[in-house]
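**Q** Before we start, here is the structure in question, set down as C-alpha cells.
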Amino acid sequence: MESADSIYSKAQSMLKSARGGFNFFGNRRDKLEDAAEEFRNAANRYMGEQKHETASACFVEVAKIQNEINEGYDAAMAYVEASKCMNAADLAPPVRAEKAADLLSQAITYFTTTKVDYYRAAKLQEQLVAILESGDRLQRAIRECKESGKNYDYGQVTASATGRKMYLKAAELSAKLGMADQEEEFVIWTGETSSNYENITTGALHEAISLFEKVAAGYKQSGAAATWTIKECYFKAALCWLMIGCKKNEVDSINMALTKYCEMDKAFPTYLEYGADIPQSLVQAIEKKDREGFVQIRTTQAARFSTLPEWAHKIFAACEENFFYAAPAPYVYQGEAGGEGMVADDDDDGEIDLS
C-alpha cells in the first residue's frame, strides 16, 4: 500500500505541473482538480496514520486549489475537514483549539460573504464555539457565540429561537469568565496578562448582564412560551449585579436591577425556582451585616441552587468573603483593557441602563 508521504509527494508534483508550462483547452483546470484529489487522498492516509496535523495541511492545500479554480463551496468544505483534523491533533489544547478555529473561520467567511447562507454559517459557528470551549479559549468563544446568534437571526425567522440559545450560551460563558480565578483560569481563558484581570472580568460580568437581558427581552417580544427562561435570565443577571456590587462594596446596583426586573415581570418575585426572593434575601442579609442569615439562605435553599452553574456559587462565596470578612476598596471599572475588554454592547436589545 502506497504511503501517505508518497501520495503527498505525487500531489505536489501534480500541482507543480498544473501551474507550470502551457495548458490548453481547460487542461490546467483538470490537472488542478487531479492534484486536489491526490492531496485529499494523502490527507485520508495521514488520518489513518494518526498524523492529524499533517492531514489538516493537506486539506488546506485542497482548499487553496478549489479557490484557485473558483470552487468556493468545495474550498469551504475542505477547510471544514482541515479544522476537524487539526482539532484531533496532538497539540496543547489552547493551541489546537485556536488553529482549528482559524481554519473553520475560513469556511464561515465563505458563507457570510461569497455564497451568503447565514444559517449554515451559524451552524458552523456553533461547532467553532465547541472547539474553543474544549481548548479553554473562553473569550473568543463568547465572541463567536454572539456572531452565531446574529447569523441565526439573519438566516431565517424560524432560527431566531436558536439564536437566542446562542446568546444565552454567550451570557453563561461571559459570567464564567467574570468569575475566573486570577492565577490560572484567567490567563488561559483570555490569553491576557493578570494585570488586566479586574478590568476584563468586570467587563465580562457587564457583558453577561447585557446578554441575559437581551435573551429575556427577545422571548417576551416574540410571545414565546418561555416563562422559565425569562426568570432564569433575570435571576442570573441579578447575580452578576450582586458580584459587581461586591467588587465596589455596595448593593445599590443589584437593588436597582431587582426593582426593574420585578417591574418588567410581575411574577418574578414569587417564582419558585428562579425567583427574585433569593437575591433579595441575600441583599437584606448583607445590609444587616447578618453573616449567619446569609449562610442560612444559601444552605436552606441548596435544592434550588443545585442547578446553578459553578460561576454562580463562586459569586455567593465571594460575597460572603468580601461583605463579611473584608472591606475592599471600591473597584472602578475602566472599560476595555489590552484591546480585549469584555464590554457590553451599547446597542444590545433589551439592555437595562442602571447608570
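Following the order of the C-alpha cells, first chain is A, next is B, and so on, with residues numbered from 1 inside each chain and ligands from 1 in the order they appear.
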At a cut-off of 10 Å, using only C-alpha atoms, what residues contact segment 37-46 of chain A? Leave out same-chain residues fewer than 5 positions from it and give the result as an NGL selection string.

**A** :A and (2-12 or 14-15 or 31-32 or 51-63 or 65 or 78 or 81-82 or 85)

**Q** Keeping N, CA, C and O atoms for every residue in the selection just given, could you write it to a file as a compact mmCIF listing (two decimals), in the first residue's frame?

**A**
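Written output follows (part-v4.txt):
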# COMPACT_ATOMS: atom_id res chain seq x y z
N GLU A 2 0.55 2.19 -0.86
CA GLU A 2 1.34 3.40 -1.01
C GLU A 2 1.28 4.24 0.27
O GLU A 2 0.22 4.41 0.86
N SER A 3 2.42 4.75 0.69
CA SER A 3 2.48 5.52 1.93
C SER A 3 1.88 6.92 1.74
O SER A 3 1.78 7.43 0.62
N ALA A 4 1.52 7.52 2.85
CA ALA A 4 0.95 8.87 2.81
C ALA A 4 1.97 9.86 2.27
O ALA A 4 1.63 10.76 1.49
N ASP A 5 3.23 9.71 2.67
CA ASP A 5 4.28 10.62 2.20
C ASP A 5 4.44 10.52 0.69
O ASP A 5 4.66 11.54 0.00
N SER A 6 4.35 9.30 0.17
CA SER A 6 4.48 9.11 -1.28
C SER A 6 3.33 9.77 -2.03
O SER A 6 3.54 10.42 -3.06
N ILE A 7 2.13 9.61 -1.50
CA ILE A 7 0.95 10.24 -2.14
C ILE A 7 1.08 11.76 -2.08
O ILE A 7 0.77 12.46 -3.05
N TYR A 8 1.57 12.26 -0.96
CA TYR A 8 1.73 13.71 -0.81
C TYR A 8 2.75 14.24 -1.81
O TYR A 8 2.53 15.30 -2.44
N SER A 9 3.86 13.53 -1.99
CA SER A 9 4.88 13.95 -2.96
C SER A 9 4.32 13.96 -4.37
O SER A 9 4.60 14.87 -5.17
N LYS A 10 3.51 12.95 -4.68
CA LYS A 10 2.89 12.89 -6.00
C LYS A 10 1.95 14.08 -6.20
O LYS A 10 1.91 14.69 -7.28
N ALA A 11 1.18 14.42 -5.15
CA ALA A 11 0.26 15.55 -5.24
C ALA A 11 1.01 16.85 -5.49
O ALA A 11 0.58 17.70 -6.29
N GLN A 12 2.15 17.03 -4.81
CA GLN A 12 2.95 18.23 -5.01
C GLN A 12 3.47 18.32 -6.45
O GLN A 12 3.45 19.40 -7.06
N MET A 14 2.10 16.95 -9.10
CA MET A 14 0.96 17.22 -9.98
C MET A 14 0.57 18.69 -9.93
O MET A 14 0.23 19.29 -10.95
N LEU A 15 0.64 19.28 -8.74
CA LEU A 15 0.28 20.69 -8.59
C LEU A 15 1.31 21.57 -9.32
O LEU A 15 0.93 22.54 -10.00
N LYS A 31 -5.95 19.38 -14.43
CA LYS A 31 -4.76 18.99 -13.68
C LYS A 31 -4.84 19.47 -12.22
O LYS A 31 -4.42 18.76 -11.30
N LEU A 32 -5.36 20.67 -12.03
CA LEU A 32 -5.51 21.18 -10.67
C LEU A 32 -6.51 20.33 -9.88
O LEU A 32 -6.29 20.04 -8.69
N LYS A 51 -1.71 11.04 11.93
CA LYS A 51 -0.94 12.27 11.73
C LYS A 51 -1.91 13.38 11.34
O LYS A 51 -1.97 13.84 10.19
N HIS A 52 -2.69 13.81 12.33
CA HIS A 52 -3.81 14.70 12.05
C HIS A 52 -3.38 16.10 11.63
O HIS A 52 -4.05 16.73 10.79
N GLU A 53 -2.29 16.60 12.18
CA GLU A 53 -1.85 17.94 11.80
C GLU A 53 -1.41 17.98 10.34
O GLU A 53 -1.71 18.93 9.61
N THR A 54 -0.71 16.92 9.90
CA THR A 54 -0.29 16.85 8.50
C THR A 54 -1.50 16.66 7.59
O THR A 54 -1.56 17.23 6.49
N ALA A 55 -2.46 15.86 8.04
CA ALA A 55 -3.68 15.68 7.26
C ALA A 55 -4.40 17.01 7.09
O ALA A 55 -4.93 17.31 6.00
N SER A 56 -4.41 17.81 8.15
CA SER A 56 -5.04 19.12 8.07
C SER A 56 -4.36 19.98 7.02
O SER A 56 -5.03 20.67 6.23
N ALA A 57 -3.03 19.94 6.97
CA ALA A 57 -2.29 20.73 5.98
C ALA A 57 -2.64 20.30 4.56
O ALA A 57 -2.71 21.13 3.65
N CYS A 58 -2.89 19.00 4.36
CA CYS A 58 -3.28 18.51 3.04
C CYS A 58 -4.65 19.06 2.64
O CYS A 58 -4.86 19.46 1.48
N PHE A 59 -5.58 19.08 3.57
CA PHE A 59 -6.90 19.62 3.27
C PHE A 59 -6.82 21.13 2.98
O PHE A 59 -7.60 21.65 2.17
N VAL A 60 -5.90 21.82 3.62
CA VAL A 60 -5.70 23.24 3.32
C VAL A 60 -5.24 23.41 1.87
O VAL A 60 -5.68 24.33 1.17
N GLU A 61 -4.35 22.51 1.41
CA GLU A 61 -3.92 22.55 0.01
C GLU A 61 -5.11 22.33 -0.92
O GLU A 61 -5.24 22.98 -1.96
N VAL A 62 -5.99 21.40 -0.55
CA VAL A 62 -7.20 21.17 -1.34
C VAL A 62 -8.02 22.45 -1.42
O VAL A 62 -8.49 22.85 -2.50
N ALA A 63 -8.19 23.12 -0.28
CA ALA A 63 -8.98 24.35 -0.23
C ALA A 63 -8.38 25.43 -1.12
O ALA A 63 -9.10 26.13 -1.85
N ILE A 65 -6.51 25.06 -3.76
CA ILE A 65 -6.71 24.72 -5.18
C ILE A 65 -8.15 24.99 -5.60
O ILE A 65 -8.41 25.53 -6.67
N ALA A 78 -13.47 21.94 2.37
CA ALA A 78 -12.12 21.44 2.64
C ALA A 78 -11.57 22.07 3.92
O ALA A 78 -10.88 21.40 4.71
N GLU A 81 -12.98 20.21 6.83
CA GLU A 81 -12.25 18.96 7.07
C GLU A 81 -10.89 19.24 7.70
O GLU A 81 -10.44 18.50 8.59
N ALA A 82 -10.23 20.30 7.24
CA ALA A 82 -8.93 20.67 7.82
C ALA A 82 -9.07 21.00 9.30
O ALA A 82 -8.22 20.63 10.12
N CYS A 85 -9.48 17.81 11.39
CA CYS A 85 -8.19 17.14 11.58
C CYS A 85 -7.33 17.86 12.60
O CYS A 85 -6.73 17.24 13.48

**Q** Can you tell me which residues surround Tyr118 of chain A at a distance of at most 12 Å, considering only C-alpha atoms, apart from same-chain residues fewer than 2 positions away, and format the answer as a short mmCIF file (atom, residue, chain, number, x, y, z; two decimals) with N, CA, C and O atoms, in the first residue's frame?

**A**
data_model
loop_
_atom_site.label_atom_id
_atom_site.label_comp_id
_atom_site.auth_asym_id
_atom_site.auth_seq_id
_atom_site.Cartn_x
_atom_site.Cartn_y
_atom_site.Cartn_z
N ALA A 107 -14.11 28.79 6.40
CA ALA A 107 -15.36 28.29 5.82
C ALA A 107 -16.52 29.22 6.16
O ALA A 107 -17.37 29.51 5.31
N ILE A 108 -16.55 29.69 7.40
CA ILE A 108 -17.63 30.58 7.83
C ILE A 108 -17.63 31.86 7.01
O ILE A 108 -18.69 32.36 6.61
N THR A 109 -16.45 32.39 6.74
CA THR A 109 -16.34 33.61 5.95
C THR A 109 -16.97 33.44 4.57
O THR A 109 -17.64 34.34 4.06
N TYR A 110 -16.79 32.26 3.99
CA TYR A 110 -17.38 32.00 2.67
C TYR A 110 -18.91 32.11 2.73
O TYR A 110 -19.54 32.69 1.84
N PHE A 111 -19.50 31.58 3.80
CA PHE A 111 -20.97 31.57 3.90
C PHE A 111 -21.55 32.89 4.39
O PHE A 111 -22.77 33.06 4.42
N THR A 112 -20.70 33.82 4.79
CA THR A 112 -21.20 35.15 5.19
C THR A 112 -20.84 36.24 4.18
O THR A 112 -21.29 37.37 4.32
N THR A 113 -20.03 35.90 3.18
CA THR A 113 -19.61 36.92 2.21
C THR A 113 -19.87 36.52 0.76
O THR A 113 -20.48 37.26 0.00
N THR A 114 -19.42 35.35 0.36
CA THR A 114 -19.50 34.95 -1.05
C THR A 114 -20.83 34.29 -1.38
O THR A 114 -21.65 34.84 -2.11
N LYS A 115 -21.05 33.12 -0.85
CA LYS A 115 -22.34 32.44 -1.03
C LYS A 115 -23.09 32.60 0.29
O LYS A 115 -22.96 31.79 1.20
N VAL A 116 -23.85 33.67 0.38
CA VAL A 116 -24.44 34.04 1.66
C VAL A 116 -25.47 33.00 2.11
O VAL A 116 -26.48 32.77 1.45
N ARG A 120 -26.24 28.39 7.58
CA ARG A 120 -25.10 27.46 7.50
C ARG A 120 -23.91 28.01 8.29
O ARG A 120 -23.23 27.27 9.01
N ALA A 121 -23.68 29.31 8.16
CA ALA A 121 -22.58 29.94 8.90
C ALA A 121 -22.78 29.81 10.40
O ALA A 121 -21.85 29.51 11.15
N ALA A 122 -24.02 30.01 10.85
CA ALA A 122 -24.32 29.92 12.28
C ALA A 122 -24.09 28.52 12.81
O ALA A 122 -23.56 28.33 13.92
N LYS A 123 -24.47 27.51 12.02
CA LYS A 123 -24.24 26.12 12.43
C LYS A 123 -22.75 25.83 12.57
O LYS A 123 -22.32 25.16 13.52
N LEU A 124 -21.96 26.32 11.63
CA LEU A 124 -20.52 26.13 11.70
C LEU A 124 -19.93 26.87 12.90
O LEU A 124 -18.99 26.39 13.55
N GLN A 125 -20.49 28.04 13.21
CA GLN A 125 -20.00 28.79 14.36
C GLN A 125 -20.31 28.07 15.67
O GLN A 125 -19.54 28.16 16.63
N GLU A 147 -21.76 36.01 17.42
CA GLU A 147 -21.84 36.03 15.97
C GLU A 147 -22.78 34.95 15.45
O GLU A 147 -23.53 35.17 14.50
N SER A 148 -22.74 33.78 16.08
CA SER A 148 -23.65 32.71 15.69
C SER A 148 -25.10 33.14 15.92
O SER A 148 -25.97 32.91 15.07
N GLY A 149 -25.35 33.78 17.06
CA GLY A 149 -26.70 34.27 17.33
C GLY A 149 -27.16 35.27 16.28
O GLY A 149 -28.30 35.20 15.80
N LYS A 150 -26.27 36.18 15.89
CA LYS A 150 -26.61 37.17 14.86
C LYS A 150 -26.92 36.49 13.53
O LYS A 150 -27.87 36.85 12.83
N ASN A 151 -26.10 35.50 13.17
CA ASN A 151 -26.30 34.83 11.88
C ASN A 151 -27.58 34.00 11.87
O ASN A 151 -28.23 33.88 10.84
N TYR A 152 -27.92 33.42 13.02
CA TYR A 152 -29.22 32.73 13.10
C TYR A 152 -30.35 33.74 12.91
O TYR A 152 -31.35 33.46 12.24
N ASP A 153 -30.19 34.92 13.52
CA ASP A 153 -31.21 35.96 13.36
C ASP A 153 -31.34 36.38 11.90
O ASP A 153 -32.44 36.59 11.39
N TYR A 154 -30.19 36.52 11.22
CA TYR A 154 -30.21 36.91 9.81
C TYR A 154 -30.76 35.79 8.92
O TYR A 154 -31.37 36.05 7.89
N GLY A 155 -30.50 34.55 9.33
CA GLY A 155 -30.77 33.40 8.47
C GLY A 155 -32.23 33.20 8.12
O GLY A 155 -32.61 33.18 6.96
N GLN A 156 -33.06 33.05 9.12
CA GLN A 156 -34.48 32.82 8.86
C GLN A 156 -35.25 33.01 10.15
O GLN A 156 -34.70 32.87 11.25
N VAL A 157 -36.53 33.30 10.01
CA VAL A 157 -37.36 33.60 11.18
C VAL A 157 -37.40 32.42 12.15
O VAL A 157 -37.32 32.58 13.36
N ALA A 159 -35.26 30.39 12.85
CA ALA A 159 -33.99 30.15 13.55
C ALA A 159 -33.78 31.10 14.71
O ALA A 159 -32.80 30.98 15.43
N SER A 160 -34.68 32.06 14.91
CA SER A 160 -34.47 33.07 15.93
C SER A 160 -34.39 32.46 17.33
O SER A 160 -33.64 32.95 18.18
N GLY A 163 -31.01 31.30 17.77
CA GLY A 163 -30.16 32.46 18.00
C GLY A 163 -30.18 32.88 19.45
O GLY A 163 -29.13 33.19 20.04
#

**Q** Would you please work out which residue, of A:Gln127, A:Gln139, A:Ser281, A:Asn70, is nearest to Pro94 of chain A when using only C-alpha atoms?

**A**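 Comparing A:Gln127, A:Gln139, A:Ser281, A:Asn70 against Pro94 of chain A, the winner is A:Gln139.
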
**Q** Pick from A:Val80, A:Ala238, A:Ala216, A:Leu211: nearest to Cys145 of chain A, with only C-alpha atoms counted?

**A**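 The closest residue to Cys145 of chain A is A:Leu211.
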
**Q** Residues of segment 219-269 of chain A classed as helix (DSSP H, G or I) by DSSP on the backbone are to be reported as an NGL selection string.

**A** :A and (219-222 or 227-248 or 252-264 or 268-269)

**Q** Only N, CA and C atoms, please: the residues just picked out, written as a short mmCIF file (atom, residue, chain, number, x, y, z; two decimals), in the first residue's frame.

**A**
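Output (part_6.cif):
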data_model
loop_
_atom_site.label_atom_id
_atom_site.label_comp_id
_atom_site.auth_asym_id
_atom_site.auth_seq_id
_atom_site.Cartn_x
_atom_site.Cartn_y
_atom_site.Cartn_z
N TYR A 219 -37.50 36.82 24.19
CA TYR A 219 -38.60 35.89 24.45
C TYR A 219 -39.90 36.63 24.74
N LYS A 220 -39.80 37.74 25.48
CA LYS A 220 -41.01 38.50 25.79
C LYS A 220 -41.61 39.11 24.53
N GLN A 221 -40.76 39.64 23.65
CA GLN A 221 -41.25 40.28 22.43
C GLN A 221 -41.83 39.27 21.44
N SER A 222 -41.27 38.06 21.43
CA SER A 222 -41.74 37.05 20.48
C SER A 222 -43.02 36.37 20.95
N THR A 227 -41.47 31.16 29.99
CA THR A 227 -41.51 31.82 31.29
C THR A 227 -40.31 31.45 32.14
N TRP A 228 -39.97 30.17 32.14
CA TRP A 228 -38.86 29.70 32.96
C TRP A 228 -37.56 30.35 32.52
N THR A 229 -37.31 30.43 31.20
CA THR A 229 -36.07 31.02 30.69
C THR A 229 -35.98 32.50 31.02
N ILE A 230 -37.09 33.21 30.92
CA ILE A 230 -37.09 34.64 31.23
C ILE A 230 -36.72 34.86 32.70
N LYS A 231 -37.32 34.08 33.59
CA LYS A 231 -37.00 34.21 35.02
C LYS A 231 -35.54 33.85 35.28
N GLU A 232 -35.07 32.81 34.60
CA GLU A 232 -33.67 32.39 34.77
C GLU A 232 -32.72 33.51 34.35
N CYS A 233 -33.04 34.18 33.25
CA CYS A 233 -32.19 35.27 32.77
C CYS A 233 -32.15 36.42 33.77
N TYR A 234 -33.31 36.81 34.28
CA TYR A 234 -33.35 37.89 35.26
C TYR A 234 -32.58 37.50 36.53
N PHE A 235 -32.77 36.26 36.95
CA PHE A 235 -32.12 35.77 38.17
C PHE A 235 -30.60 35.81 38.02
N LYS A 236 -30.10 35.30 36.90
CA LYS A 236 -28.65 35.24 36.70
C LYS A 236 -28.06 36.62 36.47
N ALA A 237 -28.82 37.49 35.80
CA ALA A 237 -28.36 38.87 35.64
C ALA A 237 -28.24 39.54 37.01
N ALA A 238 -29.21 39.26 37.89
CA ALA A 238 -29.17 39.84 39.23
C ALA A 238 -27.94 39.36 40.00
N LEU A 239 -27.57 38.09 39.82
CA LEU A 239 -26.37 37.59 40.49
C LEU A 239 -25.12 38.31 39.99
N CYS A 240 -25.09 38.59 38.69
CA CYS A 240 -23.94 39.33 38.15
C CYS A 240 -23.88 40.74 38.73
N TRP A 241 -25.06 41.38 38.88
CA TRP A 241 -25.08 42.69 39.52
C TRP A 241 -24.61 42.60 40.97
N LEU A 242 -24.96 41.50 41.64
CA LEU A 242 -24.53 41.31 43.02
C LEU A 242 -23.00 41.27 43.09
N MET A 243 -22.38 40.57 42.12
CA MET A 243 -20.92 40.47 42.12
C MET A 243 -20.27 41.80 41.78
N ILE A 244 -20.87 42.54 40.87
CA ILE A 244 -20.34 43.87 40.53
C ILE A 244 -20.39 44.77 41.77
N GLY A 245 -21.50 44.68 42.51
CA GLY A 245 -21.60 45.44 43.75
C GLY A 245 -20.60 44.97 44.78
N CYS A 246 -20.35 43.67 44.79
CA CYS A 246 -19.38 43.11 45.73
C CYS A 246 -17.99 43.71 45.49
N LYS A 247 -17.64 43.88 44.21
CA LYS A 247 -16.34 44.47 43.88
C LYS A 247 -16.23 45.91 44.39
N LYS A 248 -17.38 46.60 44.46
CA LYS A 248 -17.37 48.01 44.91
C LYS A 248 -17.86 48.16 46.34
N ASP A 252 -26.32 48.76 45.94
CA ASP A 252 -27.26 49.62 45.22
C ASP A 252 -27.53 49.09 43.81
N SER A 253 -26.50 48.57 43.16
CA SER A 253 -26.65 48.10 41.78
C SER A 253 -27.67 46.98 41.69
N ILE A 254 -27.54 45.99 42.56
CA ILE A 254 -28.47 44.86 42.49
C ILE A 254 -29.86 45.27 42.95
N ASN A 255 -29.96 46.17 43.91
CA ASN A 255 -31.29 46.62 44.34
C ASN A 255 -32.03 47.31 43.20
N MET A 256 -31.32 48.15 42.45
CA MET A 256 -31.93 48.82 41.31
C MET A 256 -32.33 47.81 40.24
N ALA A 257 -31.45 46.83 40.00
CA ALA A 257 -31.75 45.82 38.98
C ALA A 257 -32.96 44.99 39.37
N LEU A 258 -33.01 44.55 40.62
CA LEU A 258 -34.14 43.73 41.07
C LEU A 258 -35.45 44.50 40.98
N THR A 259 -35.41 45.78 41.31
CA THR A 259 -36.63 46.59 41.19
C THR A 259 -37.12 46.63 39.75
N LYS A 260 -36.20 46.84 38.82
CA LYS A 260 -36.58 46.91 37.41
C LYS A 260 -37.07 45.56 36.89
N TYR A 261 -36.38 44.47 37.27
CA TYR A 261 -36.78 43.14 36.80
C TYR A 261 -38.17 42.78 37.33
N CYS A 262 -38.44 43.13 38.57
CA CYS A 262 -39.75 42.82 39.15
C CYS A 262 -40.85 43.65 38.49
N GLU A 263 -40.52 44.87 38.07
CA GLU A 263 -41.50 45.69 37.37
C GLU A 263 -41.77 45.14 35.97
N MET A 264 -40.73 44.60 35.34
CA MET A 264 -40.87 44.05 33.99
C MET A 264 -41.60 42.71 33.98
N PHE A 268 -41.94 37.50 38.74
CA PHE A 268 -40.56 37.21 39.10
C PHE A 268 -40.33 37.14 40.61
N PRO A 269 -40.94 38.01 41.43
CA PRO A 269 -40.67 37.96 42.88
C PRO A 269 -41.08 36.65 43.54
#

**Q** Which one is closest to Ala36 of chain A: A:Trp189, A:Gly48, A:Ser13, A:Ala208? Count only C-alpha atoms.

**A**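 Using only C-alpha atoms, Ala36 of chain A sits closest to A:Ser13.
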
**Q** Need to verify the contact set: Lys314 of chain A, 10 Å, only C-alpha atoms, exclusion of same-chain residues closer than 2 positions in sequence. Can you return it as a list of chain:residue names?

**A**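 Those residues are A:Lys176, A:Met179, A:Ala180, A:Asp181, A:Met243, A:Pro309, A:Glu310, A:Trp311, A:Ala312, A:Phe316, A:Ala317, A:Ala318, A:Cys319, A:Glu320.
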
**Q** Residues as selected, N, CA, C and O atoms, written as a PDB file, in the first residue's frame, can you do that?

**A**
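The resulting file, again_14.pdb, is reproduced below:
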ATOM      1  N   LYS A 176     -19.053  33.140  33.441  1.00  0.00           N
ATOM      2  CA  LYS A 176     -17.978  32.229  33.853  1.00  0.00           C
ATOM      3  C   LYS A 176     -16.626  32.931  33.793  1.00  0.00           C
ATOM      4  O   LYS A 176     -15.812  32.817  34.715  1.00  0.00           O
ATOM      5  N   MET A 179     -15.964  35.312  36.609  1.00  0.00           N
ATOM      6  CA  MET A 179     -15.610  34.720  37.900  1.00  0.00           C
ATOM      7  C   MET A 179     -14.366  33.847  37.804  1.00  0.00           C
ATOM      8  O   MET A 179     -14.137  32.974  38.645  1.00  0.00           O
ATOM      9  N   ALA A 180     -13.547  34.062  36.783  1.00  0.00           N
ATOM     10  CA  ALA A 180     -12.304  33.293  36.634  1.00  0.00           C
ATOM     11  C   ALA A 180     -11.346  33.615  37.772  1.00  0.00           C
ATOM     12  O   ALA A 180     -11.298  34.749  38.254  1.00  0.00           O
ATOM     13  N   ASP A 181     -10.580  32.613  38.207  1.00  0.00           N
ATOM     14  CA  ASP A 181      -9.547  32.927  39.192  1.00  0.00           C
ATOM     15  C   ASP A 181      -8.384  33.610  38.480  1.00  0.00           C
ATOM     16  O   ASP A 181      -8.152  33.408  37.288  1.00  0.00           O
ATOM     17  N   MET A 243     -22.377  40.571  42.125  1.00  0.00           N
ATOM     18  CA  MET A 243     -20.918  40.468  42.120  1.00  0.00           C
ATOM     19  C   MET A 243     -20.272  41.803  41.775  1.00  0.00           C
ATOM     20  O   MET A 243     -19.233  42.166  42.347  1.00  0.00           O
ATOM     21  N   PRO A 309     -24.873  27.058  37.771  1.00  0.00           N
ATOM     22  CA  PRO A 309     -23.501  26.744  37.348  1.00  0.00           C
ATOM     23  C   PRO A 309     -22.486  27.144  38.408  1.00  0.00           C
ATOM     24  O   PRO A 309     -22.797  27.871  39.361  1.00  0.00           O
ATOM     25  N   GLU A 310     -21.267  26.698  38.205  1.00  0.00           N
ATOM     26  CA  GLU A 310     -20.209  26.951  39.181  1.00  0.00           C
ATOM     27  C   GLU A 310     -19.970  28.439  39.395  1.00  0.00           C
ATOM     28  O   GLU A 310     -19.693  28.880  40.516  1.00  0.00           O
ATOM     29  N   TRP A 311     -20.086  29.238  38.319  1.00  0.00           N
ATOM     30  CA  TRP A 311     -19.800  30.666  38.469  1.00  0.00           C
ATOM     31  C   TRP A 311     -20.755  31.329  39.460  1.00  0.00           C
ATOM     32  O   TRP A 311     -20.367  32.272  40.166  1.00  0.00           O
ATOM     33  N   ALA A 312     -22.003  30.847  39.531  1.00  0.00           N
ATOM     34  CA  ALA A 312     -22.964  31.428  40.471  1.00  0.00           C
ATOM     35  C   ALA A 312     -22.561  31.125  41.912  1.00  0.00           C
ATOM     36  O   ALA A 312     -22.635  31.998  42.791  1.00  0.00           O
ATOM     37  N   PHE A 316     -21.578  33.617  45.293  1.00  0.00           N
ATOM     38  CA  PHE A 316     -22.019  33.525  46.686  1.00  0.00           C
ATOM     39  C   PHE A 316     -20.814  33.506  47.630  1.00  0.00           C
ATOM     40  O   PHE A 316     -20.801  34.195  48.655  1.00  0.00           O
ATOM     41  N   ALA A 317     -19.805  32.709  47.271  1.00  0.00           N
ATOM     42  CA  ALA A 317     -18.618  32.604  48.123  1.00  0.00           C
ATOM     43  C   ALA A 317     -17.865  33.931  48.185  1.00  0.00           C
ATOM     44  O   ALA A 317     -17.405  34.349  49.259  1.00  0.00           O
ATOM     45  N   ALA A 318     -17.740  34.601  47.042  1.00  0.00           N
ATOM     46  CA  ALA A 318     -17.025  35.878  47.005  1.00  0.00           C
ATOM     47  C   ALA A 318     -17.751  36.932  47.830  1.00  0.00           C
ATOM     48  O   ALA A 318     -17.122  37.728  48.543  1.00  0.00           O
ATOM     49  N   CYS A 319     -19.079  36.946  47.748  1.00  0.00           N
ATOM     50  CA  CYS A 319     -19.855  37.927  48.517  1.00  0.00           C
ATOM     51  C   CYS A 319     -19.737  37.673  50.012  1.00  0.00           C
ATOM     52  O   CYS A 319     -19.612  38.615  50.810  1.00  0.00           O
ATOM     53  N   GLU A 320     -19.775  36.407  50.397  1.00  0.00           N
ATOM     54  CA  GLU A 320     -19.621  36.093  51.818  1.00  0.00           C
ATOM     55  C   GLU A 320     -18.260  36.564  52.321  1.00  0.00           C
ATOM     56  O   GLU A 320     -18.147  37.149  53.405  1.00  0.00           O
TER      57      GLU A 320
END

**Q** Using only C-alpha atoms, can you tell me which of A:Ile286, A:Val251, A:Leu308, A:Ala18 comes closest to Glu273 of chain A?

**A**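 Looking only at the distances to Glu273 of chain A, the closest residue turns out to be A:Leu308.
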